[in-house]
>>> print(open('start-v9.cif').read())   # mmCIF, N, CA and C atoms
data_structure
loop_
_atom_site.label_atom_id
_atom_site.label_comp_id
_atom_site.auth_asym_id
_atom_site.auth_seq_id
_atom_site.Cartn_x
_atom_site.Cartn_y
_atom_site.Cartn_z
N MET D 31 18.17 48.12 16.70
CA MET D 31 17.50 46.87 16.46
C MET D 31 17.93 45.86 17.54
N GLU D 32 16.98 45.08 17.96
CA GLU D 32 17.25 44.04 18.95
C GLU D 32 16.79 42.69 18.42
N SER D 33 17.54 41.65 18.69
CA SER D 33 17.12 40.31 18.33
C SER D 33 16.05 39.86 19.31
N GLY D 34 15.10 39.09 18.83
CA GLY D 34 14.06 38.55 19.67
C GLY D 34 13.33 37.44 18.94
N VAL D 35 12.22 37.04 19.50
CA VAL D 35 11.42 35.96 18.91
C VAL D 35 9.96 36.39 18.94
N TRP D 36 9.29 36.31 17.80
CA TRP D 36 7.87 36.61 17.74
C TRP D 36 7.12 35.29 17.89
N CYS D 37 6.22 35.25 18.87
CA CYS D 37 5.44 34.05 19.15
C CYS D 37 3.96 34.36 18.94
N GLU D 38 3.23 33.38 18.46
CA GLU D 38 1.79 33.56 18.36
C GLU D 38 1.08 32.23 18.44
N ALA D 39 -0.15 32.31 18.90
CA ALA D 39 -1.03 31.15 18.94
C ALA D 39 -2.18 31.44 17.99
N VAL D 40 -2.39 30.57 17.02
CA VAL D 40 -3.46 30.77 16.04
C VAL D 40 -4.36 29.55 16.00
N THR D 41 -5.63 29.79 15.68
CA THR D 41 -6.58 28.69 15.54
C THR D 41 -7.19 28.73 14.15
N ALA D 42 -7.67 27.59 13.72
CA ALA D 42 -8.36 27.49 12.43
C ALA D 42 -9.25 26.27 12.46
N ALA D 43 -10.37 26.39 11.76
CA ALA D 43 -11.24 25.22 11.59
C ALA D 43 -10.63 24.36 10.50
N GLU D 44 -10.65 23.05 10.68
CA GLU D 44 -10.09 22.16 9.67
C GLU D 44 -10.85 22.28 8.37
N SER D 45 -12.13 22.70 8.42
CA SER D 45 -12.94 22.85 7.21
C SER D 45 -12.58 24.13 6.44
N GLU D 46 -11.81 25.04 7.06
CA GLU D 46 -11.38 26.28 6.41
C GLU D 46 -9.87 26.39 6.52
N PRO D 47 -9.12 25.64 5.71
CA PRO D 47 -7.67 25.56 5.88
C PRO D 47 -6.92 26.89 5.76
N GLY D 48 -7.39 27.83 4.99
CA GLY D 48 -6.66 29.08 4.81
C GLY D 48 -6.99 30.17 5.82
N ALA D 49 -8.03 29.98 6.62
CA ALA D 49 -8.46 31.02 7.55
C ALA D 49 -7.93 30.75 8.95
N GLU D 50 -7.12 31.66 9.44
CA GLU D 50 -6.59 31.55 10.79
C GLU D 50 -7.01 32.75 11.61
N GLY D 51 -7.18 32.53 12.90
CA GLY D 51 -7.44 33.63 13.82
C GLY D 51 -6.39 33.64 14.91
N ARG D 52 -5.80 34.79 15.14
CA ARG D 52 -4.78 34.88 16.18
C ARG D 52 -5.47 34.92 17.53
N ARG D 53 -5.05 34.06 18.44
CA ARG D 53 -5.60 33.99 19.79
C ARG D 53 -4.71 34.67 20.81
N ASP D 54 -3.42 34.70 20.54
CA ASP D 54 -2.49 35.32 21.48
C ASP D 54 -1.19 35.58 20.74
N ALA D 55 -0.41 36.51 21.24
CA ALA D 55 0.90 36.81 20.66
C ALA D 55 1.81 37.30 21.77
N TYR D 56 3.11 37.14 21.54
CA TYR D 56 4.08 37.51 22.55
C TYR D 56 5.40 37.85 21.87
N ALA D 57 5.98 38.96 22.25
CA ALA D 57 7.30 39.35 21.77
C ALA D 57 8.31 38.92 22.82
N ALA D 58 9.02 37.85 22.54
CA ALA D 58 9.99 37.31 23.50
C ALA D 58 11.37 37.91 23.24
N ALA D 59 12.09 38.15 24.31
CA ALA D 59 13.42 38.73 24.19
C ALA D 59 14.47 37.70 23.81
N SER D 60 14.16 36.42 23.98
CA SER D 60 15.16 35.38 23.72
C SER D 60 14.46 34.06 23.38
N PRO D 61 15.19 33.11 22.81
CA PRO D 61 14.60 31.79 22.58
C PRO D 61 14.12 31.13 23.88
N GLU D 62 14.83 31.36 24.99
CA GLU D 62 14.41 30.77 26.27
C GLU D 62 13.02 31.26 26.68
N THR D 63 12.80 32.57 26.59
CA THR D 63 11.48 33.09 26.99
C THR D 63 10.41 32.70 25.99
N ALA D 64 10.76 32.55 24.73
CA ALA D 64 9.80 32.09 23.73
C ALA D 64 9.33 30.67 24.05
N ILE D 65 10.27 29.79 24.34
CA ILE D 65 9.92 28.41 24.65
C ILE D 65 9.11 28.35 25.94
N ARG D 66 9.45 29.16 26.91
CA ARG D 66 8.67 29.21 28.15
C ARG D 66 7.22 29.61 27.86
N TRP D 67 7.01 30.61 27.00
CA TRP D 67 5.66 31.04 26.63
C TRP D 67 4.90 29.92 25.92
N LEU D 68 5.57 29.23 25.00
CA LEU D 68 4.94 28.12 24.29
C LEU D 68 4.58 26.98 25.25
N ARG D 69 5.45 26.69 26.19
CA ARG D 69 5.18 25.62 27.18
C ARG D 69 3.96 25.95 28.03
N VAL D 70 3.85 27.20 28.45
CA VAL D 70 2.71 27.60 29.29
C VAL D 70 1.40 27.38 28.52
N GLY D 71 1.36 27.80 27.27
CA GLY D 71 0.16 27.62 26.46
C GLY D 71 -0.17 26.16 26.23
N ALA D 72 0.84 25.36 25.91
CA ALA D 72 0.62 23.93 25.67
C ALA D 72 0.16 23.23 26.94
N ARG D 73 0.77 23.58 28.06
CA ARG D 73 0.37 22.98 29.34
C ARG D 73 -1.08 23.34 29.69
N ALA D 74 -1.50 24.54 29.34
CA ALA D 74 -2.85 24.99 29.67
C ALA D 74 -3.92 24.23 28.90
N VAL D 75 -3.65 23.88 27.65
CA VAL D 75 -4.68 23.18 26.86
C VAL D 75 -4.58 21.67 26.94
N ALA D 76 -3.48 21.14 27.41
CA ALA D 76 -3.29 19.68 27.44
C ALA D 76 -4.44 18.93 28.13
N PRO D 77 -4.98 19.41 29.26
CA PRO D 77 -6.06 18.66 29.89
C PRO D 77 -7.34 18.54 29.04
N SER D 78 -7.51 19.43 28.08
CA SER D 78 -8.71 19.38 27.25
C SER D 78 -8.54 18.50 26.01
N LEU D 79 -7.35 17.96 25.82
CA LEU D 79 -7.07 17.10 24.67
C LEU D 79 -7.33 15.64 25.02
N GLY D 80 -7.41 14.82 24.01
CA GLY D 80 -7.52 13.39 24.24
C GLY D 80 -6.25 12.87 24.87
N PRO D 81 -6.30 11.65 25.44
CA PRO D 81 -5.14 11.14 26.17
C PRO D 81 -3.87 11.00 25.33
N LEU D 82 -3.99 10.60 24.06
CA LEU D 82 -2.79 10.45 23.23
C LEU D 82 -2.13 11.81 22.94
N GLN D 83 -2.95 12.78 22.55
CA GLN D 83 -2.39 14.11 22.27
C GLN D 83 -1.86 14.77 23.53
N ALA D 84 -2.60 14.65 24.61
CA ALA D 84 -2.15 15.25 25.88
C ALA D 84 -0.82 14.63 26.30
N GLY D 85 -0.70 13.32 26.15
CA GLY D 85 0.55 12.64 26.48
C GLY D 85 1.70 13.14 25.64
N TYR D 86 1.45 13.29 24.34
CA TYR D 86 2.50 13.79 23.45
C TYR D 86 2.90 15.21 23.85
N VAL D 87 1.91 16.07 24.04
CA VAL D 87 2.20 17.47 24.37
C VAL D 87 2.99 17.56 25.67
N LEU D 88 2.54 16.86 26.69
CA LEU D 88 3.21 16.95 27.99
C LEU D 88 4.51 16.17 28.05
N ASP D 89 4.46 14.89 27.66
CA ASP D 89 5.64 14.03 27.79
C ASP D 89 6.74 14.34 26.78
N HIS D 90 6.36 14.61 25.54
CA HIS D 90 7.37 14.85 24.52
C HIS D 90 7.74 16.31 24.39
N TRP D 91 6.72 17.19 24.34
CA TRP D 91 7.04 18.58 24.03
C TRP D 91 7.31 19.43 25.26
N VAL D 92 6.44 19.41 26.25
CA VAL D 92 6.63 20.28 27.42
C VAL D 92 7.78 19.79 28.30
N HIS D 93 7.77 18.51 28.66
CA HIS D 93 8.77 17.98 29.59
C HIS D 93 9.86 17.16 28.92
N GLY D 94 9.74 16.93 27.63
CA GLY D 94 10.69 16.06 26.94
C GLY D 94 11.55 16.80 25.94
N PRO D 95 12.06 16.08 24.97
CA PRO D 95 13.02 16.65 24.03
C PRO D 95 12.42 17.61 23.00
N GLY D 96 11.12 17.60 22.84
CA GLY D 96 10.50 18.45 21.82
C GLY D 96 10.78 19.93 21.99
N SER D 97 10.63 20.42 23.20
CA SER D 97 10.88 21.85 23.41
C SER D 97 12.37 22.17 23.33
N LEU D 98 13.22 21.24 23.72
CA LEU D 98 14.66 21.46 23.59
C LEU D 98 15.05 21.53 22.11
N GLN D 99 14.48 20.65 21.30
CA GLN D 99 14.76 20.68 19.87
C GLN D 99 14.29 22.00 19.25
N ASP D 100 13.13 22.48 19.68
CA ASP D 100 12.64 23.75 19.15
C ASP D 100 13.48 24.92 19.66
N TYR D 101 13.98 24.84 20.86
CA TYR D 101 14.89 25.86 21.38
C TYR D 101 16.13 25.95 20.49
N VAL D 102 16.69 24.81 20.14
CA VAL D 102 17.87 24.77 19.28
C VAL D 102 17.53 25.36 17.91
N ARG D 103 16.36 25.04 17.39
CA ARG D 103 15.94 25.60 16.10
C ARG D 103 15.90 27.13 16.17
N LEU D 104 15.30 27.68 17.23
CA LEU D 104 15.22 29.13 17.37
C LEU D 104 16.62 29.76 17.47
N CYS D 105 17.49 29.12 18.22
CA CYS D 105 18.86 29.63 18.36
C CYS D 105 19.59 29.64 17.02
N ARG D 106 19.21 28.75 16.14
CA ARG D 106 19.83 28.68 14.81
C ARG D 106 19.11 29.57 13.79
N GLY D 107 18.14 30.34 14.26
CA GLY D 107 17.43 31.26 13.36
C GLY D 107 16.31 30.63 12.58
N ARG D 108 15.81 29.50 13.03
CA ARG D 108 14.73 28.79 12.32
C ARG D 108 13.42 28.88 13.09
N THR D 109 12.34 28.67 12.40
CA THR D 109 11.00 28.71 12.98
C THR D 109 10.69 27.39 13.67
N CYS D 110 9.85 27.45 14.71
CA CYS D 110 9.37 26.23 15.34
C CYS D 110 7.86 26.35 15.55
N ALA D 111 7.20 25.21 15.70
CA ALA D 111 5.75 25.21 15.89
C ALA D 111 5.30 23.93 16.59
N LEU D 112 4.18 24.05 17.26
CA LEU D 112 3.51 22.91 17.89
C LEU D 112 2.03 23.04 17.57
N THR D 113 1.43 21.99 17.00
CA THR D 113 0.02 22.02 16.62
C THR D 113 -0.72 20.89 17.30
N VAL D 114 -1.92 21.20 17.82
CA VAL D 114 -2.80 20.19 18.38
C VAL D 114 -4.17 20.32 17.71
N TYR D 115 -4.93 19.24 17.76
CA TYR D 115 -6.24 19.20 17.10
C TYR D 115 -7.31 18.81 18.11
N ARG D 116 -8.47 19.46 17.99
CA ARG D 116 -9.59 19.12 18.86
C ARG D 116 -10.89 19.59 18.22
N ASP D 117 -11.87 18.71 18.17
CA ASP D 117 -13.22 19.03 17.71
C ASP D 117 -13.25 19.78 16.38
N GLY D 118 -12.47 19.32 15.41
CA GLY D 118 -12.47 19.94 14.09
C GLY D 118 -11.70 21.24 13.99
N HIS D 119 -10.93 21.56 14.99
CA HIS D 119 -10.13 22.78 14.97
C HIS D 119 -8.67 22.44 15.27
N ARG D 120 -7.81 23.30 14.82
CA ARG D 120 -6.40 23.14 15.18
C ARG D 120 -5.92 24.41 15.87
N LEU D 121 -5.04 24.20 16.81
CA LEU D 121 -4.40 25.28 17.55
C LEU D 121 -2.90 25.13 17.35
N THR D 122 -2.27 26.18 16.85
CA THR D 122 -0.84 26.13 16.58
C THR D 122 -0.14 27.26 17.32
N TRP D 123 0.90 26.88 18.06
CA TRP D 123 1.81 27.86 18.64
C TRP D 123 3.01 27.87 17.73
N ARG D 124 3.44 29.05 17.31
CA ARG D 124 4.62 29.12 16.47
C ARG D 124 5.49 30.29 16.91
N ALA D 125 6.76 30.15 16.61
CA ALA D 125 7.72 31.18 17.00
C ALA D 125 8.79 31.27 15.92
N HIS D 126 9.23 32.49 15.66
CA HIS D 126 10.32 32.68 14.71
C HIS D 126 11.17 33.89 15.12
N PRO D 127 12.46 33.77 14.87
CA PRO D 127 13.37 34.87 15.22
C PRO D 127 13.03 36.12 14.40
N VAL D 128 13.15 37.27 15.05
CA VAL D 128 12.89 38.56 14.40
C VAL D 128 13.90 39.58 14.91
N ARG D 129 13.87 40.74 14.30
CA ARG D 129 14.62 41.90 14.78
C ARG D 129 13.59 42.95 15.17
N PHE D 130 13.59 43.36 16.42
CA PHE D 130 12.67 44.37 16.91
C PHE D 130 13.32 45.74 16.82
N VAL D 131 12.52 46.73 16.47
CA VAL D 131 12.99 48.11 16.49
C VAL D 131 12.79 48.62 17.91
N ARG D 132 13.87 49.12 18.49
CA ARG D 132 13.80 49.65 19.85
C ARG D 132 13.14 51.03 19.78
N LEU D 133 12.13 51.24 20.59
CA LEU D 133 11.46 52.52 20.64
C LEU D 133 12.01 53.36 21.78
N VAL D 134 12.00 54.63 21.60
CA VAL D 134 12.52 55.56 22.60
C VAL D 134 11.52 55.71 23.73
N ALA D 135 12.00 55.78 24.94
CA ALA D 135 11.12 55.96 26.09
C ALA D 135 10.53 57.37 26.08
N VAL D 136 9.30 57.48 26.56
CA VAL D 136 8.61 58.76 26.67
C VAL D 136 8.41 59.04 28.15
N ASN D 137 8.99 60.10 28.63
CA ASN D 137 8.90 60.45 30.05
C ASN D 137 9.32 59.29 30.94
N GLY D 138 10.34 58.56 30.51
CA GLY D 138 10.87 57.48 31.33
C GLY D 138 10.07 56.19 31.27
N ARG D 139 9.05 56.13 30.42
CA ARG D 139 8.21 54.92 30.30
C ARG D 139 8.27 54.40 28.88
N ARG D 140 7.96 53.12 28.72
CA ARG D 140 7.87 52.56 27.38
C ARG D 140 6.80 53.32 26.61
N PRO D 141 6.98 53.52 25.31
CA PRO D 141 6.07 54.35 24.53
C PRO D 141 4.60 53.94 24.59
N CYS D 142 4.30 52.65 24.55
CA CYS D 142 2.89 52.25 24.56
C CYS D 142 2.24 52.53 25.92
N ILE D 143 2.99 52.44 26.98
CA ILE D 143 2.45 52.73 28.31
C ILE D 143 2.22 54.23 28.47
N ALA D 144 3.18 55.02 28.00
CA ALA D 144 3.04 56.47 28.09
C ALA D 144 1.83 56.95 27.28
N ALA D 145 1.63 56.37 26.09
CA ALA D 145 0.49 56.77 25.25
C ALA D 145 -0.82 56.36 25.89
N ALA D 146 -0.88 55.17 26.48
CA ALA D 146 -2.12 54.72 27.13
C ALA D 146 -2.46 55.60 28.31
N GLN D 147 -1.46 56.00 29.08
CA GLN D 147 -1.73 56.85 30.23
C GLN D 147 -2.16 58.25 29.80
N ALA D 148 -1.74 58.66 28.61
CA ALA D 148 -2.14 59.97 28.11
C ALA D 148 -3.49 59.92 27.40
N GLY D 149 -4.08 58.70 27.31
CA GLY D 149 -5.38 58.56 26.67
C GLY D 149 -5.32 58.45 25.17
N GLU D 150 -4.14 58.20 24.61
CA GLU D 150 -3.98 58.12 23.18
C GLU D 150 -4.24 56.73 22.63
N ALA D 151 -4.12 55.69 23.44
CA ALA D 151 -4.34 54.31 22.97
C ALA D 151 -5.55 53.74 23.68
N ARG D 152 -6.23 52.88 22.97
CA ARG D 152 -7.41 52.22 23.55
C ARG D 152 -7.24 50.74 23.52
#
>>> encode(input="start-v9.cif", output="structure tokens")
Amino acid sequence: MESGVWCEAVTAAESEPGAEGRRDAYAAASPETAIRWLRVGARAVAPSLGPLQAGYVLDHWVHGPGSLQDYVRLCRGRTCALTVYRDGHRLTWRAHPVRFVRLVAVNGRRPCIAAAQAGEAR
């Protein structure tokens, strides 16, 4: 077992509070790489947000204390999240510490790569 952080970006319409769709996911090896992944996603959508939200995302979370606070939360084994709203939808990046099961290499390659090259995965 290896410690890591599971990250995902999910969207939902505000009119359907219980329905979420996963837009992206990432298995990070450490809190540092998890926060880096979250920053990249937040930075990418910031220009499409209104000026107040974009300012918060960039000034407080990406370049300010927000991401540092979430880094500390992850290091302490707690979940972190960042949510933005646009045109009746919300986009949430969230991350939480997990334990990954280490898979055995197949022919010197990671198992999913070996299976894809053998035509077993699509």
>>> closest_residue(input="start-v9.cif", among="D:Asp117, D:Glu62, D:Glu32, D:Glu50", to="Gly80 (chain D)", atoms="only C-alpha atoms")
D:Asp117
>>> select_by_dssp(input="start-v9.cif", residues="chain D", states="helix (DSSP H, G or I)", output="PDB file with N, CA and C atoms, in the frame of the given file")
ATOM      1  N   PRO D  61      15.190  33.110  22.810  1.00  0.00           N
ATOM      2  CA  PRO D  61      14.600  31.790  22.580  1.00  0.00           C
ATOM      3  C   PRO D  61      14.120  31.130  23.880  1.00  0.00           C
ATOM      4  N   GLU D  62      14.830  31.360  24.990  1.00  0.00           N
ATOM      5  CA  GLU D  62      14.410  30.770  26.270  1.00  0.00           C
ATOM      6  C   GLU D  62      13.020  31.260  26.680  1.00  0.00           C
ATOM      7  N   THR D  63      12.800  32.570  26.590  1.00  0.00           N
ATOM      8  CA  THR D  63      11.480  33.090  26.990  1.00  0.00           C
ATOM      9  C   THR D  63      10.410  32.700  25.990  1.00  0.00           C
ATOM     10  N   ALA D  64      10.760  32.550  24.730  1.00  0.00           N
ATOM     11  CA  ALA D  64       9.800  32.090  23.730  1.00  0.00           C
ATOM     12  C   ALA D  64       9.330  30.670  24.050  1.00  0.00           C
ATOM     13  N   ILE D  65      10.270  29.790  24.340  1.00  0.00           N
ATOM     14  CA  ILE D  65       9.920  28.410  24.650  1.00  0.00           C
ATOM     15  C   ILE D  65       9.110  28.350  25.940  1.00  0.00           C
ATOM     16  N   ARG D  66       9.450  29.160  26.910  1.00  0.00           N
ATOM     17  CA  ARG D  66       8.670  29.210  28.150  1.00  0.00           C
ATOM     18  C   ARG D  66       7.220  29.610  27.860  1.00  0.00           C
ATOM     19  N   TRP D  67       7.010  30.610  27.000  1.00  0.00           N
ATOM     20  CA  TRP D  67       5.660  31.040  26.630  1.00  0.00           C
ATOM     21  C   TRP D  67       4.900  29.920  25.920  1.00  0.00           C
ATOM     22  N   LEU D  68       5.570  29.230  25.000  1.00  0.00           N
ATOM     23  CA  LEU D  68       4.940  28.120  24.290  1.00  0.00           C
ATOM     24  C   LEU D  68       4.580  26.980  25.250  1.00  0.00           C
ATOM     25  N   ARG D  69       5.450  26.690  26.190  1.00  0.00           N
ATOM     26  CA  ARG D  69       5.180  25.620  27.180  1.00  0.00           C
ATOM     27  C   ARG D  69       3.960  25.950  28.030  1.00  0.00           C
ATOM     28  N   VAL D  70       3.850  27.200  28.450  1.00  0.00           N
ATOM     29  CA  VAL D  70       2.710  27.600  29.290  1.00  0.00           C
ATOM     30  C   VAL D  70       1.400  27.380  28.520  1.00  0.00           C
ATOM     31  N   GLY D  71       1.360  27.800  27.270  1.00  0.00           N
ATOM     32  CA  GLY D  71       0.160  27.620  26.460  1.00  0.00           C
ATOM     33  C   GLY D  71      -0.170  26.160  26.230  1.00  0.00           C
ATOM     34  N   ALA D  72       0.840  25.360  25.910  1.00  0.00           N
ATOM     35  CA  ALA D  72       0.620  23.930  25.670  1.00  0.00           C
ATOM     36  C   ALA D  72       0.160  23.230  26.940  1.00  0.00           C
ATOM     37  N   ARG D  73       0.770  23.580  28.060  1.00  0.00           N
ATOM     38  CA  ARG D  73       0.370  22.980  29.340  1.00  0.00           C
ATOM     39  C   ARG D  73      -1.080  23.340  29.690  1.00  0.00           C
ATOM     40  N   ALA D  74      -1.500  24.540  29.340  1.00  0.00           N
ATOM     41  CA  ALA D  74      -2.850  24.990  29.670  1.00  0.00           C
ATOM     42  C   ALA D  74      -3.920  24.230  28.900  1.00  0.00           C
ATOM     43  N   VAL D  75      -3.650  23.880  27.650  1.00  0.00           N
ATOM     44  CA  VAL D  75      -4.680  23.180  26.860  1.00  0.00           C
ATOM     45  C   VAL D  75      -4.580  21.670  26.940  1.00  0.00           C
ATOM     46  N   ALA D  76      -3.480  21.140  27.410  1.00  0.00           N
ATOM     47  CA  ALA D  76      -3.290  19.680  27.440  1.00  0.00           C
ATOM     48  C   ALA D  76      -4.440  18.930  28.130  1.00  0.00           C
ATOM     49  N   PRO D  77      -4.980  19.410  29.260  1.00  0.00           N
ATOM     50  CA  PRO D  77      -6.060  18.660  29.890  1.00  0.00           C
ATOM     51  C   PRO D  77      -7.340  18.540  29.040  1.00  0.00           C
ATOM     52  N   SER D  78      -7.510  19.430  28.080  1.00  0.00           N
ATOM     53  CA  SER D  78      -8.710  19.380  27.250  1.00  0.00           C
ATOM     54  C   SER D  78      -8.540  18.500  26.010  1.00  0.00           C
ATOM     55  N   PRO D  81      -6.300  11.650  25.440  1.00  0.00           N
ATOM     56  CA  PRO D  81      -5.140  11.140  26.170  1.00  0.00           C
ATOM     57  C   PRO D  81      -3.870  11.000  25.330  1.00  0.00           C
ATOM     58  N   LEU D  82      -3.990  10.600  24.060  1.00  0.00           N
ATOM     59  CA  LEU D  82      -2.790  10.450  23.230  1.00  0.00           C
ATOM     60  C   LEU D  82      -2.130  11.810  22.940  1.00  0.00           C
ATOM     61  N   GLN D  83      -2.950  12.780  22.550  1.00  0.00           N
ATOM     62  CA  GLN D  83      -2.390  14.110  22.270  1.00  0.00           C
ATOM     63  C   GLN D  83      -1.860  14.770  23.530  1.00  0.00           C
ATOM     64  N   ALA D  84      -2.600  14.650  24.610  1.00  0.00           N
ATOM     65  CA  ALA D  84      -2.150  15.250  25.880  1.00  0.00           C
ATOM     66  C   ALA D  84      -0.820  14.630  26.300  1.00  0.00           C
ATOM     67  N   GLY D  85      -0.700  13.320  26.150  1.00  0.00           N
ATOM     68  CA  GLY D  85       0.550  12.640  26.480  1.00  0.00           C
ATOM     69  C   GLY D  85       1.700  13.140  25.640  1.00  0.00           C
ATOM     70  N   TYR D  86       1.450  13.290  24.340  1.00  0.00           N
ATOM     71  CA  TYR D  86       2.500  13.790  23.450  1.00  0.00           C
ATOM     72  C   TYR D  86       2.900  15.210  23.850  1.00  0.00           C
ATOM     73  N   VAL D  87       1.910  16.070  24.040  1.00  0.00           N
ATOM     74  CA  VAL D  87       2.200  17.470  24.370  1.00  0.00           C
ATOM     75  C   VAL D  87       2.990  17.560  25.670  1.00  0.00           C
ATOM     76  N   LEU D  88       2.540  16.860  26.690  1.00  0.00           N
ATOM     77  CA  LEU D  88       3.210  16.950  27.990  1.00  0.00           C
ATOM     78  C   LEU D  88       4.510  16.170  28.050  1.00  0.00           C
ATOM     79  N   ASP D  89       4.460  14.890  27.660  1.00  0.00           N
ATOM     80  CA  ASP D  89       5.640  14.030  27.790  1.00  0.00           C
ATOM     81  C   ASP D  89       6.740  14.340  26.780  1.00  0.00           C
ATOM     82  N   HIS D  90       6.360  14.610  25.540  1.00  0.00           N
ATOM     83  CA  HIS D  90       7.370  14.850  24.520  1.00  0.00           C
ATOM     84  C   HIS D  90       7.740  16.310  24.390  1.00  0.00           C
ATOM     85  N   TRP D  91       6.720  17.190  24.340  1.00  0.00           N
ATOM     86  CA  TRP D  91       7.040  18.580  24.030  1.00  0.00           C
ATOM     87  C   TRP D  91       7.310  19.430  25.260  1.00  0.00           C
ATOM     88  N   VAL D  92       6.440  19.410  26.250  1.00  0.00           N
ATOM     89  CA  VAL D  92       6.630  20.280  27.420  1.00  0.00           C
ATOM     90  C   VAL D  92       7.780  19.790  28.300  1.00  0.00           C
ATOM     91  N   PRO D  95      12.060  16.080  24.970  1.00  0.00           N
ATOM     92  CA  PRO D  95      13.020  16.650  24.030  1.00  0.00           C
ATOM     93  C   PRO D  95      12.420  17.610  23.000  1.00  0.00           C
ATOM     94  N   GLY D  96      11.120  17.600  22.840  1.00  0.00           N
ATOM     95  CA  GLY D  96      10.500  18.450  21.820  1.00  0.00           C
ATOM     96  C   GLY D  96      10.780  19.930  21.990  1.00  0.00           C
ATOM     97  N   SER D  97      10.630  20.420  23.200  1.00  0.00           N
ATOM     98  CA  SER D  97      10.880  21.850  23.410  1.00  0.00           C
ATOM     99  C   SER D  97      12.370  22.170  23.330  1.00  0.00           C
ATOM    100  N   LEU D  98      13.220  21.240  23.720  1.00  0.00           N
ATOM    101  CA  LEU D  98      14.660  21.460  23.590  1.00  0.00           C
ATOM    102  C   LEU D  98      15.050  21.530  22.110  1.00  0.00           C
ATOM    103  N   GLN D  99      14.480  20.650  21.300  1.00  0.00           N
ATOM    104  CA  GLN D  99      14.760  20.680  19.870  1.00  0.00           C
ATOM    105  C   GLN D  99      14.290  22.000  19.250  1.00  0.00           C
ATOM    106  N   ASP D 100      13.130  22.480  19.680  1.00  0.00           N
ATOM    107  CA  ASP D 100      12.640  23.750  19.150  1.00  0.00           C
ATOM    108  C   ASP D 100      13.480  24.920  19.660  1.00  0.00           C
ATOM    109  N   TYR D 101      13.980  24.840  20.860  1.00  0.00           N
ATOM    110  CA  TYR D 101      14.890  25.860  21.380  1.00  0.00           C
ATOM    111  C   TYR D 101      16.130  25.950  20.490  1.00  0.00           C
ATOM    112  N   VAL D 102      16.690  24.810  20.140  1.00  0.00           N
ATOM    113  CA  VAL D 102      17.870  24.770  19.280  1.00  0.00           C
ATOM    114  C   VAL D 102      17.530  25.360  17.910  1.00  0.00           C
ATOM    115  N   ARG D 103      16.360  25.040  17.390  1.00  0.00           N
ATOM    116  CA  ARG D 103      15.940  25.600  16.100  1.00  0.00           C
ATOM    117  C   ARG D 103      15.900  27.130  16.170  1.00  0.00           C
ATOM    118  N   LEU D 104      15.300  27.680  17.230  1.00  0.00           N
ATOM    119  CA  LEU D 104      15.220  29.130  17.370  1.00  0.00           C
ATOM    120  C   LEU D 104      16.620  29.760  17.470  1.00  0.00           C
ATOM    121  N   CYS D 105      17.490  29.120  18.220  1.00  0.00           N
ATOM    122  CA  CYS D 105      18.860  29.630  18.360  1.00  0.00           C
ATOM    123  C   CYS D 105      19.590  29.640  17.020  1.00  0.00           C
ATOM    124  N   PRO D 141       6.980  53.520  25.310  1.00  0.00           N
ATOM    125  CA  PRO D 141       6.070  54.350  24.530  1.00  0.00           C
ATOM    126  C   PRO D 141       4.600  53.940  24.590  1.00  0.00           C
ATOM    127  N   CYS D 142       4.300  52.650  24.550  1.00  0.00           N
ATOM    128  CA  CYS D 142       2.890  52.250  24.560  1.00  0.00           C
ATOM    129  C   CYS D 142       2.240  52.530  25.920  1.00  0.00           C
ATOM    130  N   ILE D 143       2.990  52.440  26.980  1.00  0.00           N
ATOM    131  CA  ILE D 143       2.450  52.730  28.310  1.00  0.00           C
ATOM    132  C   ILE D 143       2.220  54.230  28.470  1.00  0.00           C
ATOM    133  N   ALA D 144       3.180  55.020  28.000  1.00  0.00           N
ATOM    134  CA  ALA D 144       3.040  56.470  28.090  1.00  0.00           C
ATOM    135  C   ALA D 144       1.830  56.950  27.280  1.00  0.00           C
ATOM    136  N   ALA D 145       1.630  56.370  26.090  1.00  0.00           N
ATOM    137  CA  ALA D 145       0.490  56.770  25.250  1.00  0.00           C
ATOM    138  C   ALA D 145      -0.820  56.360  25.890  1.00  0.00           C
ATOM    139  N   ALA D 146      -0.880  55.170  26.480  1.00  0.00           N
ATOM    140  CA  ALA D 146      -2.120  54.720  27.130  1.00  0.00           C
ATOM    141  C   ALA D 146      -2.460  55.600  28.310  1.00  0.00           C
ATOM    142  N   GLN D 147      -1.460  56.000  29.080  1.00  0.00           N
ATOM    143  CA  GLN D 147      -1.730  56.850  30.230  1.00  0.00           C
ATOM    144  C   GLN D 147      -2.160  58.250  29.800  1.00  0.00           C
TER     145      GLN D 147
END
>>> resolve_selection(input="start-v9.cif", expression="the PyMOL selection byres (((chain D and resi 42 and name CA) around 7) and name CA)", output="JSON, numbers by chain")
{"D": [40, 41, 43, 44, 46, 47, 49, 50, 51, 119, 120, 121]}
>>> atom_distance(input="start-v9.cif", atom1="CA of Ala125 (chain D)", atom2="atom C of Gly107 (chain D)")
9.7 Å
>>> resolve_selection(input="start-v9.cif", expression="the PyMOL selection byres ((chain D and resi 112) around 7)", output="PyMOL selection string")
chain D and resi 110-111+113-114+121-125
>>> select_by_dssp(input="start-v9.cif", residues="chain D", states="strand (DSSP E)", output="NGL selection string")
:D and (32-43 or 51-58 or 110-116 or 119-130)
>>> closest_residue(input="start-v9.cif", among="D:His90, D:Arg69, D:Leu79, D:Gly118", to="Ser45 (chain D)", atoms="all atoms listed in the file")
D:Gly118
